[in-house]
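Data file: upload.csv. Format and content: CSV, C-alpha atoms.
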chain,number,residue,atom,x,y,z
A,867,MET,CA,93.6,167.7,-80.0
A,868,ASP,CA,91.0,165.3,-81.0
A,869,ALA,CA,90.3,162.2,-79.0
A,870,ASN,CA,90.2,160.1,-82.2
A,871,ASP,CA,93.3,161.5,-83.9
A,872,GLY,CA,94.9,158.1,-83.8
A,873,PHE,CA,98.5,158.7,-82.9
A,874,ARG,CA,100.8,157.8,-80.1
A,875,GLU,CA,103.0,160.6,-78.8
A,876,LEU,CA,106.7,159.7,-78.9
A,877,ASP,CA,109.0,160.5,-76.1
A,878,ARG,CA,112.2,162.5,-76.7
A,879,GLN,CA,114.4,159.4,-77.0
A,880,GLU,CA,112.1,157.8,-79.5
A,881,CYS,CA,112.0,161.0,-81.5
A,882,LEU,CA,115.8,161.3,-81.6
A,883,ARG,CA,116.2,157.6,-82.5
A,884,LEU,CA,113.8,158.1,-85.5
A,885,LEU,CA,115.5,161.4,-86.6
A,886,ALA,CA,118.8,159.6,-86.7
A,887,GLU,CA,117.4,157.1,-89.2
A,888,VAL,CA,116.6,159.7,-92.0
A,889,PRO,CA,119.0,161.9,-93.9
A,890,VAL,CA,116.7,164.7,-94.9
A,891,GLY,CA,114.4,167.0,-93.0
A,892,ARG,CA,112.9,170.4,-93.4
A,893,ILE,CA,113.8,173.7,-91.7
A,894,VAL,CA,110.7,175.8,-91.0
A,895,TYR,CA,111.3,179.4,-90.3
A,896,THR,CA,109.9,182.9,-90.9
A,897,ARG,CA,111.0,185.0,-93.9
A,898,GLN,CA,109.6,188.5,-94.3
A,899,ALA,CA,106.8,187.6,-91.8
A,900,LEU,CA,105.7,184.6,-93.9
A,901,PRO,CA,106.3,180.9,-93.2
A,902,ALA,CA,109.2,179.4,-95.2
A,903,VAL,CA,110.3,175.8,-95.5
A,904,LEU,CA,113.5,174.3,-96.8
A,905,PRO,CA,114.5,170.7,-97.2
A,906,VAL,CA,118.1,170.0,-96.0
A,907,ASN,CA,120.3,167.0,-95.3
A,908,PHE,CA,121.3,166.9,-91.6
A,909,CYS,CA,122.7,164.9,-88.8
A,910,LEU,CA,122.2,164.9,-85.0
A,911,ASP,CA,124.8,166.0,-82.6
A,912,HIS,CA,125.4,164.0,-79.4
A,913,ASP,CA,123.0,166.1,-77.5
A,914,GLY,CA,120.2,165.9,-80.1
A,915,ALA,CA,120.9,169.2,-81.7
A,916,VAL,CA,120.2,169.3,-85.5
A,917,LEU,CA,123.3,170.1,-87.5
A,918,VAL,CA,123.1,171.5,-91.0
A,919,ARG,CA,126.0,172.3,-93.3
A,920,THR,CA,125.5,175.2,-95.7
A,921,SER,CA,127.2,178.0,-97.5
A,922,ALA,CA,128.2,181.0,-95.4
A,923,SER,CA,126.5,183.2,-98.1
A,924,SER,CA,123.2,181.3,-98.2
A,925,GLU,CA,120.1,183.2,-97.4
A,926,LEU,CA,119.2,180.5,-95.0
A,927,VAL,CA,122.0,181.5,-92.6
A,928,GLY,CA,120.9,185.1,-92.5
A,929,ALA,CA,117.3,184.2,-92.0
A,930,ILE,CA,117.7,181.7,-89.2
A,931,ASP,CA,120.8,182.7,-87.2
A,932,GLY,CA,119.5,183.6,-83.8
A,933,ALA,CA,115.9,182.8,-84.5
A,934,VAL,CA,113.7,180.1,-83.1
A,935,VAL,CA,113.0,177.6,-85.9
A,936,ALA,CA,111.3,174.2,-86.3
A,937,PHE,CA,112.9,171.3,-87.9
A,938,GLU,CA,110.6,168.5,-89.1
A,939,ALA,CA,111.2,165.0,-90.5
A,940,ASP,CA,108.7,162.3,-91.2
A,941,GLU,CA,108.2,158.9,-92.8
A,942,VAL,CA,104.8,158.0,-94.0
A,943,ASP,CA,103.8,154.6,-95.5
A,944,THR,CA,100.9,155.6,-97.8
A,945,ALA,CA,99.8,152.0,-98.2
A,946,THR,CA,99.3,151.3,-94.5
A,947,HIS,CA,98.7,155.0,-93.6
A,948,SER,CA,101.3,154.6,-90.8
A,949,GLY,CA,104.5,156.4,-90.0
A,950,TRP,CA,105.9,159.1,-87.8
A,951,SER,CA,106.6,162.8,-87.6
A,952,VAL,CA,109.1,164.5,-85.4
A,953,VAL,CA,109.6,168.2,-84.8
A,954,VAL,CA,112.6,169.8,-83.1
A,955,MET,CA,112.0,173.4,-82.0
A,956,GLY,CA,114.8,175.6,-80.8
A,957,SER,CA,117.2,178.4,-81.5
A,958,ALA,CA,119.3,178.2,-84.6
A,959,THR,CA,122.8,179.5,-84.3
A,960,LEU,CA,125.8,179.7,-86.7
A,961,VAL,CA,128.7,177.8,-85.2
A,962,THR,CA,131.5,180.4,-84.9
A,963,ASP,CA,133.9,178.7,-82.5
A,964,PRO,CA,136.9,177.4,-84.5
A,965,ALA,CA,137.3,174.3,-82.4
A,966,GLU,CA,133.7,173.4,-82.7
A,967,HIS,CA,133.7,174.1,-86.4
A,968,ALA,CA,136.8,171.8,-86.7
A,969,ARG,CA,135.0,169.1,-84.7
A,970,LEU,CA,131.9,169.3,-87.0
A,971,LEU,CA,134.1,169.1,-90.1
A,972,ARG,CA,135.0,165.6,-88.7
A,973,THR,CA,131.8,164.5,-87.2
A,974,GLY,CA,129.0,166.7,-88.6
A,975,PRO,CA,126.9,166.3,-91.7
A,976,ARG,CA,128.6,165.6,-94.9
A,977,SER,CA,128.3,167.8,-97.9
A,978,TRP,CA,126.2,166.3,-100.7
A,979,ALA,CA,128.2,168.7,-102.9
A,980,PRO,CA,131.0,170.7,-101.3
A,981,ALA,CA,130.9,174.5,-101.7
A,982,PRO,CA,133.4,177.1,-100.7
A,983,GLN,CA,133.1,178.7,-97.2
A,984,GLU,CA,130.9,176.1,-95.6
A,985,VAL,CA,129.5,176.8,-92.2
A,986,PHE,CA,127.5,174.8,-89.7
A,987,VAL,CA,124.1,175.8,-88.3
A,988,ARG,CA,123.0,174.2,-85.0
A,989,ILE,CA,119.4,173.9,-84.0
A,990,ASP,CA,119.1,173.4,-80.2
A,991,PRO,CA,116.7,170.6,-79.3
A,992,GLU,CA,114.8,172.8,-76.8
A,993,LEU,CA,111.6,171.0,-77.6
A,994,VAL,CA,111.4,167.6,-79.2
A,995,THR,CA,108.0,166.3,-80.0
A,996,GLY,CA,106.7,163.5,-82.2
A,997,ARG,CA,104.0,161.1,-83.0
A,998,ASP,CA,103.7,157.6,-84.2
A,999,LEU,CA,100.9,157.4,-86.8
A,1000,VAL,CA,99.0,154.2,-86.2
A,1001,GLY,CA,98.3,152.1,-89.2
A,1002,GLY,CA,94.8,152.7,-90.6
A,1003,ARG,CA,94.3,155.8,-88.5
A,1004,THR,CA,94.2,159.4,-89.6
A,1005,LEU,CA,97.1,161.5,-90.7
A,1006,TYR,CA,94.9,164.5,-91.3
A,1007,GLY,CA,93.4,166.8,-88.7
A,1008,VAL,CA,95.8,165.9,-86.0
A,1009,ASP,CA,97.9,168.6,-84.4
A,1010,LEU,CA,101.4,168.3,-83.4
A,1011,PRO,CA,101.8,168.3,-79.6
A,1012,SER,CA,102.1,171.9,-78.3
B,1419,MET,CA,120.7,182.4,-103.7
B,1420,ASP,CA,124.1,180.9,-104.5
B,1421,ALA,CA,125.3,180.5,-108.0
B,1422,ASN,CA,126.3,176.9,-107.3
B,1423,ASP,CA,123.2,175.7,-105.5
B,1424,GLY,CA,122.6,173.1,-108.1
B,1425,PHE,CA,118.9,173.3,-108.8
B,1426,ARG,CA,116.6,174.1,-111.6
B,1427,GLU,CA,113.6,176.3,-110.8
B,1428,LEU,CA,110.3,174.7,-111.8
B,1429,ASP,CA,107.5,176.6,-113.4
B,1430,ARG,CA,104.1,176.6,-112.0
B,1431,GLN,CA,102.8,173.8,-114.2
B,1432,GLU,CA,105.7,171.5,-113.4
B,1433,CYS,CA,105.2,172.2,-109.7
B,1434,LEU,CA,101.5,171.3,-109.8
B,1435,ARG,CA,102.2,168.2,-111.8
B,1436,LEU,CA,104.7,167.0,-109.2
B,1437,LEU,CA,102.4,167.9,-106.3
B,1438,ALA,CA,99.6,165.8,-107.9
B,1439,GLU,CA,101.9,162.7,-107.7
B,1440,VAL,CA,102.3,162.7,-104.0
B,1441,PRO,CA,99.7,162.0,-101.3
B,1442,VAL,CA,101.3,163.8,-98.4
B,1443,GLY,CA,102.7,167.2,-97.8
B,1444,ARG,CA,103.2,169.5,-94.8
B,1445,ILE,CA,101.3,172.6,-93.8
B,1446,VAL,CA,103.7,175.2,-92.4
B,1447,TYR,CA,102.1,177.9,-90.3
B,1448,THR,CA,102.5,180.1,-87.3
B,1449,ARG,CA,101.3,179.0,-83.8
B,1450,GLN,CA,101.8,181.3,-80.9
B,1451,ALA,CA,104.3,183.3,-82.9
B,1452,LEU,CA,106.4,180.1,-83.5
B,1453,PRO,CA,106.8,178.1,-86.7
B,1454,ALA,CA,104.7,175.0,-86.8
B,1455,VAL,CA,104.5,172.1,-89.3
B,1456,LEU,CA,102.0,169.4,-89.8
B,1457,PRO,CA,102.0,166.5,-92.3
B,1458,VAL,CA,98.7,166.0,-94.0
B,1459,ASN,CA,97.3,164.0,-96.9
B,1460,PHE,CA,95.9,166.3,-99.5
B,1461,CYS,CA,94.8,166.7,-103.1
B,1462,LEU,CA,94.8,169.5,-105.6
B,1463,ASP,CA,91.7,171.3,-106.8
B,1464,HIS,CA,91.3,172.1,-110.5
B,1465,ASP,CA,92.9,175.5,-110.0
B,1466,GLY,CA,95.9,174.2,-108.1
B,1467,ALA,CA,94.5,175.0,-104.6
B,1468,VAL,CA,95.6,172.5,-102.0
B,1469,LEU,CA,92.7,170.8,-100.3
B,1470,VAL,CA,92.9,169.2,-96.9
B,1471,ARG,CA,90.2,167.4,-95.1
B,1472,THR,CA,90.1,167.6,-91.3
B,1473,SER,CA,88.0,167.6,-88.2
B,1474,ALA,CA,86.1,170.8,-87.6
B,1475,SER,CA,87.4,170.8,-84.0
B,1476,SER,CA,91.0,170.4,-84.9
B,1477,GLU,CA,93.5,172.9,-83.7
B,1478,LEU,CA,94.7,173.2,-87.2
B,1479,VAL,CA,91.5,174.8,-88.5
B,1480,GLY,CA,91.6,177.5,-85.8
B,1481,ALA,CA,95.2,178.2,-86.4
B,1482,ILE,CA,95.2,178.6,-90.1
B,1483,ASP,CA,91.7,179.8,-91.2
B,1484,GLY,CA,92.3,183.2,-92.7
B,1485,ALA,CA,96.1,183.0,-92.4
B,1486,VAL,CA,98.7,182.9,-95.0
B,1487,VAL,CA,100.4,179.5,-94.8
B,1488,ALA,CA,103.0,177.5,-96.8
B,1489,PHE,CA,102.4,174.0,-98.0
B,1490,GLU,CA,105.4,171.9,-98.9
B,1491,ALA,CA,105.9,168.6,-100.5
B,1492,ASP,CA,109.1,167.0,-101.7
B,1493,GLU,CA,110.7,163.8,-103.0
B,1494,VAL,CA,114.4,163.2,-102.4
B,1495,ASP,CA,116.4,160.2,-103.7
B,1496,THR,CA,119.1,160.0,-101.1
B,1497,ALA,CA,121.1,157.6,-103.3
B,1498,THR,CA,121.4,160.0,-106.2
B,1499,HIS,CA,120.9,163.2,-104.2
B,1500,SER,CA,118.2,164.2,-106.6
B,1501,GLY,CA,114.6,165.1,-106.3
B,1502,TRP,CA,112.3,168.0,-106.0
B,1503,SER,CA,110.6,170.4,-103.6
B,1504,VAL,CA,107.5,172.4,-104.2
B,1505,VAL,CA,106.0,175.1,-102.0
B,1506,VAL,CA,102.5,176.6,-102.3
B,1507,MET,CA,102.0,179.8,-100.5
B,1508,GLY,CA,98.6,181.4,-99.9
B,1509,SER,CA,95.6,182.1,-97.8
B,1510,ALA,CA,94.0,179.1,-96.0
B,1511,THR,CA,90.3,179.3,-95.7
B,1512,LEU,CA,87.7,176.9,-94.3
B,1513,VAL,CA,85.2,176.0,-96.9
B,1514,THR,CA,81.8,177.1,-95.6
B,1515,ASP,CA,79.7,177.2,-98.8
B,1516,PRO,CA,77.4,174.1,-98.7
B,1517,ALA,CA,77.6,173.5,-102.4
B,1518,GLU,CA,81.3,173.7,-102.4
B,1519,HIS,CA,81.5,171.4,-99.4
B,1520,ALA,CA,79.3,168.9,-101.2
B,1521,ARG,CA,81.5,169.1,-104.3
B,1522,LEU,CA,84.6,168.4,-102.2
B,1523,LEU,CA,82.9,165.5,-100.5
B,1524,ARG,CA,82.7,164.0,-104.0
B,1525,THR,CA,86.0,165.2,-105.5
B,1526,GLY,CA,88.2,166.3,-102.6
B,1527,PRO,CA,90.7,164.5,-100.5
B,1528,ARG,CA,89.6,161.2,-99.1
B,1529,SER,CA,89.7,160.5,-95.4
B,1530,TRP,CA,92.4,158.1,-94.3
B,1531,ALA,CA,90.1,157.5,-91.3
B,1532,PRO,CA,86.8,159.3,-91.2
B,1533,ALA,CA,85.9,161.5,-88.3
B,1534,PRO,CA,82.7,163.2,-87.4
B,1535,GLN,CA,82.2,166.8,-88.6
B,1536,GLU,CA,84.7,166.9,-91.3
B,1537,VAL,CA,85.5,170.1,-93.0
B,1538,PHE,CA,87.7,171.1,-95.9
B,1539,VAL,CA,90.5,173.7,-95.8
B,1540,ARG,CA,91.6,175.3,-99.0
B,1541,ILE,CA,95.0,176.8,-99.5
B,1542,ASP,CA,95.0,179.3,-102.4
B,1543,PRO,CA,97.9,178.8,-104.8
B,1544,GLU,CA,98.9,182.5,-104.8
B,1545,LEU,CA,102.6,181.6,-105.1
B,1546,VAL,CA,103.7,178.3,-106.4
B,1547,THR,CA,107.5,177.7,-106.4
B,1548,GLY,CA,109.7,174.7,-106.8
B,1549,ARG,CA,113.0,173.3,-107.6
B,1550,ASP,CA,114.3,170.2,-109.2
B,1551,LEU,CA,117.3,169.0,-107.3
B,1552,VAL,CA,119.9,167.9,-109.8
B,1553,GLY,CA,121.6,164.5,-109.1
B,1554,GLY,CA,124.9,164.9,-107.4
B,1555,ARG,CA,124.4,168.5,-106.6
B,1556,THR,CA,123.5,170.1,-103.3
B,1557,LEU,CA,120.4,169.9,-101.3
B,1558,TYR,CA,121.7,171.9,-98.4
B,1559,GLY,CA,122.3,175.6,-98.4
B,1560,VAL,CA,119.9,176.3,-101.1
B,1561,ASP,CA,117.1,178.7,-100.5
B,1562,LEU,CA,113.6,178.4,-101.9
B,1563,PRO,CA,112.8,181.0,-104.5
B,1564,SER,CA,111.5,184.2,-102.8
Please, can you express the file's structure as structure tokens?
Amino acid sequence: MDANDGFRELDRQECLRLLAEVPVGRIVYTRQALPAVLPVNFCLDHDGAVLVRTSASSELVGAIDGAVVAFEADEVDTATHSGWSVVVMGSATLVTDPAEHARLLRTGPRSWAPAPQEVFVRIDPELVTGRDLVGGRTLYGVDLPS
Amino acid sequence: MDANDGFRELDRQECLRLLAEVPVGRIVYTRQALPAVLPVNFCLDHDGAVLVRTSASSELVGAIDGAVVAFEADEVDTATHSGWSVVVMGSATLVTDPAEHARLLRTGPRSWAPAPQEVFVRIDPELVTGRDLVGGRTLYGVDLPS
């Protein structure tokens, strides 16, 4: 990490607060040994887990169920070169418990367009990292906290 | 891919035109066998390659030089649930040719905040895919074209 990379690391609570403010993030996973990325709408569970609602038959479910994935969201003001980026890293699992599924139907992410056989995928917040990009400082060349 | 996933696939030219409209995207790569994602400002080269300017000592350069990475950009209107997402997949290489480096100093991405020993990383547009998210249709549960 460069000394002059111009960001402030965010603590877990700040990261989760920022994540709660945006409706869309990106699931980053591996597909056929290559990196893949998919924008999704989401919400956070009470413990900071990322919840995504999708079709049971989607390729996404097969690709990420049981895998460690990253979930990224950011907001960047291109005028001031400021903003933030947060990454949640953890295991993605299909919610199979009927009671938990029922709870998420009430409290989980809403469908932007309902589909038959919807399921919920939960990304455990095993590692939550983020950075506040300081106005006028660099967005490039900085590395997410490892 | 679901029949009802509600997007229109974009051709390469549409993808590159959309990419050229936004200043920030995300490099998706593998770090220590885990998915990693990093927002960066960028520009496109004449052949559609993604150009990123960074510090020679950044962890990013070491992590992606010679690797196949994905580069994603998107714009989503959360009011209308419409927008687009584009992914460029290809080999990332550090630009080492002095003439090419000099050209990119003139025509490549600008620094948001200059750093010493800047280098350029080029992501070859080997596979360019994208989708136009149709207003009122779903963002979730759709898979990027494989």
Might you pull out every residue within 7 Å of Val890 in chain A, with only C-alpha atoms counted and same-chain residues fewer than 4 positions away left off, and present them as an MDAnalysis selection string?
-> chainID A and resid 905:908
Kindly give the distance, in Å, that separates CA of Asp1483 in chain B and CA of Arg897 in chain A, rounded to a single decimal.
-> 20.2 Å
Gap from CA of Phe1489 in chain B to CA of Ala922 in chain A - Å, one decimal = 26.9 Å
Tell me, as an NGL selection string, which residues lie within 9 Å of Thr962 in chain A, counting only C-alpha atoms; anything in the same chain fewer than 4 positions away does not count.
-> :A and (966-967 or 985-986)
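Among the candidate residues B:Leu1434, B:Ala1520, B:Val1513, B:Val1487, the one lying nearest to Asp1465 in chain B is B:Leu1434, with distances computed using only C-alpha atoms.
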note - CA of Val903 in chain A and CA of Leu993 in chain A are separated by 18.6 Å
Which residues come within 8 Å of Ser921 in chain A, counting all atoms listed in the file, excluding same-chain residues fewer than 4 positions away, as a ChimeraX atom specification?
-> /A:927,981-985 /B:1559
Nearest to His1464 in chain B among B:Ala1438, B:Leu1551, B:Ser1500, B:Ser1529, with distances taken over all atoms listed in the file: which residue is it?
->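 Counting all atoms listed in the file, the residue closest to His1464 in chain B is B:Ala1438.
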Mind rebuilding range 1453-1472 of chain B with N, CA, C and O atoms and writing that out as a PDB file, in the coordinates of the input?
ATOM      1  N   PRO B1453     107.046 178.923 -85.472  1.00  0.00           N
ATOM      2  CA  PRO B1453     106.800 178.100 -86.700  1.00  0.00           C
ATOM      3  C   PRO B1453     106.215 176.744 -86.249  1.00  0.00           C
ATOM      4  O   PRO B1453     106.658 176.148 -85.276  1.00  0.00           O
ATOM      5  N   ALA B1454     105.251 176.278 -87.000  1.00  0.00           N
ATOM      6  CA  ALA B1454     104.700 175.000 -86.800  1.00  0.00           C
ATOM      7  C   ALA B1454     104.538 174.250 -88.088  1.00  0.00           C
ATOM      8  O   ALA B1454     104.427 174.882 -89.145  1.00  0.00           O
ATOM      9  N   VAL B1455     104.563 172.926 -88.044  1.00  0.00           N
ATOM     10  CA  VAL B1455     104.500 172.100 -89.300  1.00  0.00           C
ATOM     11  C   VAL B1455     103.733 170.871 -89.020  1.00  0.00           C
ATOM     12  O   VAL B1455     103.882 170.238 -87.978  1.00  0.00           O
ATOM     13  N   LEU B1456     102.879 170.527 -89.955  1.00  0.00           N
ATOM     14  CA  LEU B1456     102.000 169.400 -89.800  1.00  0.00           C
ATOM     15  C   LEU B1456     101.842 168.600 -91.065  1.00  0.00           C
ATOM     16  O   LEU B1456     101.373 169.133 -92.071  1.00  0.00           O
ATOM     17  N   PRO B1457     102.250 167.344 -91.068  1.00  0.00           N
ATOM     18  CA  PRO B1457     102.000 166.500 -92.300  1.00  0.00           C
ATOM     19  C   PRO B1457     100.553 166.197 -92.445  1.00  0.00           C
ATOM     20  O   PRO B1457      99.864 165.888 -91.472  1.00  0.00           O
ATOM     21  N   VAL B1458     100.095 166.289 -93.670  1.00  0.00           N
ATOM     22  CA  VAL B1458      98.700 166.000 -94.000  1.00  0.00           C
ATOM     23  C   VAL B1458      98.614 165.305 -95.334  1.00  0.00           C
ATOM     24  O   VAL B1458      99.447 165.525 -96.206  1.00  0.00           O
ATOM     25  N   ASN B1459      97.577 164.481 -95.510  1.00  0.00           N
ATOM     26  CA  ASN B1459      97.300 164.000 -96.900  1.00  0.00           C
ATOM     27  C   ASN B1459      96.424 165.099 -97.537  1.00  0.00           C
ATOM     28  O   ASN B1459      95.745 165.881 -96.871  1.00  0.00           O
ATOM     29  N   PHE B1460      96.474 165.156 -98.837  1.00  0.00           N
ATOM     30  CA  PHE B1460      95.900 166.300 -99.500  1.00  0.00           C
ATOM     31  C   PHE B1460      95.567 165.897-100.970  1.00  0.00           C
ATOM     32  O   PHE B1460      95.996 164.844-101.456  1.00  0.00           O
ATOM     33  N   CYS B1461      94.829 166.756-101.655  1.00  0.00           N
ATOM     34  CA  CYS B1461      94.800 166.700-103.100  1.00  0.00           C
ATOM     35  C   CYS B1461      94.696 168.102-103.654  1.00  0.00           C
ATOM     36  O   CYS B1461      94.517 169.066-102.907  1.00  0.00           O
ATOM     37  N   LEU B1462      94.865 168.211-104.950  1.00  0.00           N
ATOM     38  CA  LEU B1462      94.800 169.500-105.600  1.00  0.00           C
ATOM     39  C   LEU B1462      93.436 169.733-106.206  1.00  0.00           C
ATOM     40  O   LEU B1462      92.850 168.823-106.792  1.00  0.00           O
ATOM     41  N   ASP B1463      92.946 170.964-106.092  1.00  0.00           N
ATOM     42  CA  ASP B1463      91.700 171.300-106.800  1.00  0.00           C
ATOM     43  C   ASP B1463      92.079 171.671-108.244  1.00  0.00           C
ATOM     44  O   ASP B1463      93.258 171.765-108.612  1.00  0.00           O
ATOM     45  N   HIS B1464      91.065 171.878-109.052  1.00  0.00           N
ATOM     46  CA  HIS B1464      91.300 172.100-110.500  1.00  0.00           C
ATOM     47  C   HIS B1464      92.147 173.363-110.733  1.00  0.00           C
ATOM     48  O   HIS B1464      92.821 173.473-111.753  1.00  0.00           O
ATOM     49  N   ASP B1465      92.111 174.306-109.807  1.00  0.00           N
ATOM     50  CA  ASP B1465      92.900 175.500-110.000  1.00  0.00           C
ATOM     51  C   ASP B1465      94.231 175.503-109.283  1.00  0.00           C
ATOM     52  O   ASP B1465      94.919 176.512-109.200  1.00  0.00           O
ATOM     53  N   GLY B1466      94.607 174.327-108.774  1.00  0.00           N
ATOM     54  CA  GLY B1466      95.900 174.200-108.100  1.00  0.00           C
ATOM     55  C   GLY B1466      95.834 174.463-106.608  1.00  0.00           C
ATOM     56  O   GLY B1466      96.860 174.376-105.927  1.00  0.00           O
ATOM     57  N   ALA B1467      94.666 174.797-106.089  1.00  0.00           N
ATOM     58  CA  ALA B1467      94.500 175.000-104.600  1.00  0.00           C
ATOM     59  C   ALA B1467      94.797 173.648-103.937  1.00  0.00           C
ATOM     60  O   ALA B1467      94.435 172.581-104.440  1.00  0.00           O
ATOM     61  N   VAL B1468      95.419 173.718-102.776  1.00  0.00           N
ATOM     62  CA  VAL B1468      95.600 172.500-102.000  1.00  0.00           C
ATOM     63  C   VAL B1468      94.417 172.314-101.071  1.00  0.00           C
ATOM     64  O   VAL B1468      93.967 173.236-100.390  1.00  0.00           O
ATOM     65  N   LEU B1469      93.879 171.113-101.112  1.00  0.00           N
ATOM     66  CA  LEU B1469      92.700 170.800-100.300  1.00  0.00           C
ATOM     67  C   LEU B1469      93.053 169.779 -99.247  1.00  0.00           C
ATOM     68  O   LEU B1469      93.665 168.744 -99.528  1.00  0.00           O
ATOM     69  N   VAL B1470      92.662 170.108 -98.034  1.00  0.00           N
ATOM     70  CA  VAL B1470      92.900 169.200 -96.900  1.00  0.00           C
ATOM     71  C   VAL B1470      91.599 168.988 -96.193  1.00  0.00           C
ATOM     72  O   VAL B1470      90.759 169.889 -96.074  1.00  0.00           O
ATOM     73  N   ARG B1471      91.395 167.766 -95.752  1.00  0.00           N
ATOM     74  CA  ARG B1471      90.200 167.400 -95.100  1.00  0.00           C
ATOM     75  C   ARG B1471      90.508 167.116 -93.604  1.00  0.00           C
ATOM     76  O   ARG B1471      91.445 166.368 -93.320  1.00  0.00           O
ATOM     77  N   THR B1472      89.790 167.724 -92.718  1.00  0.00           N
ATOM     78  CA  THR B1472      90.100 167.600 -91.300  1.00  0.00           C
ATOM     79  C   THR B1472      88.911 167.694 -90.440  1.00  0.00           C
ATOM     80  O   THR B1472      87.796 167.904 -90.929  1.00  0.00           O
TER      81      THR B1472
END
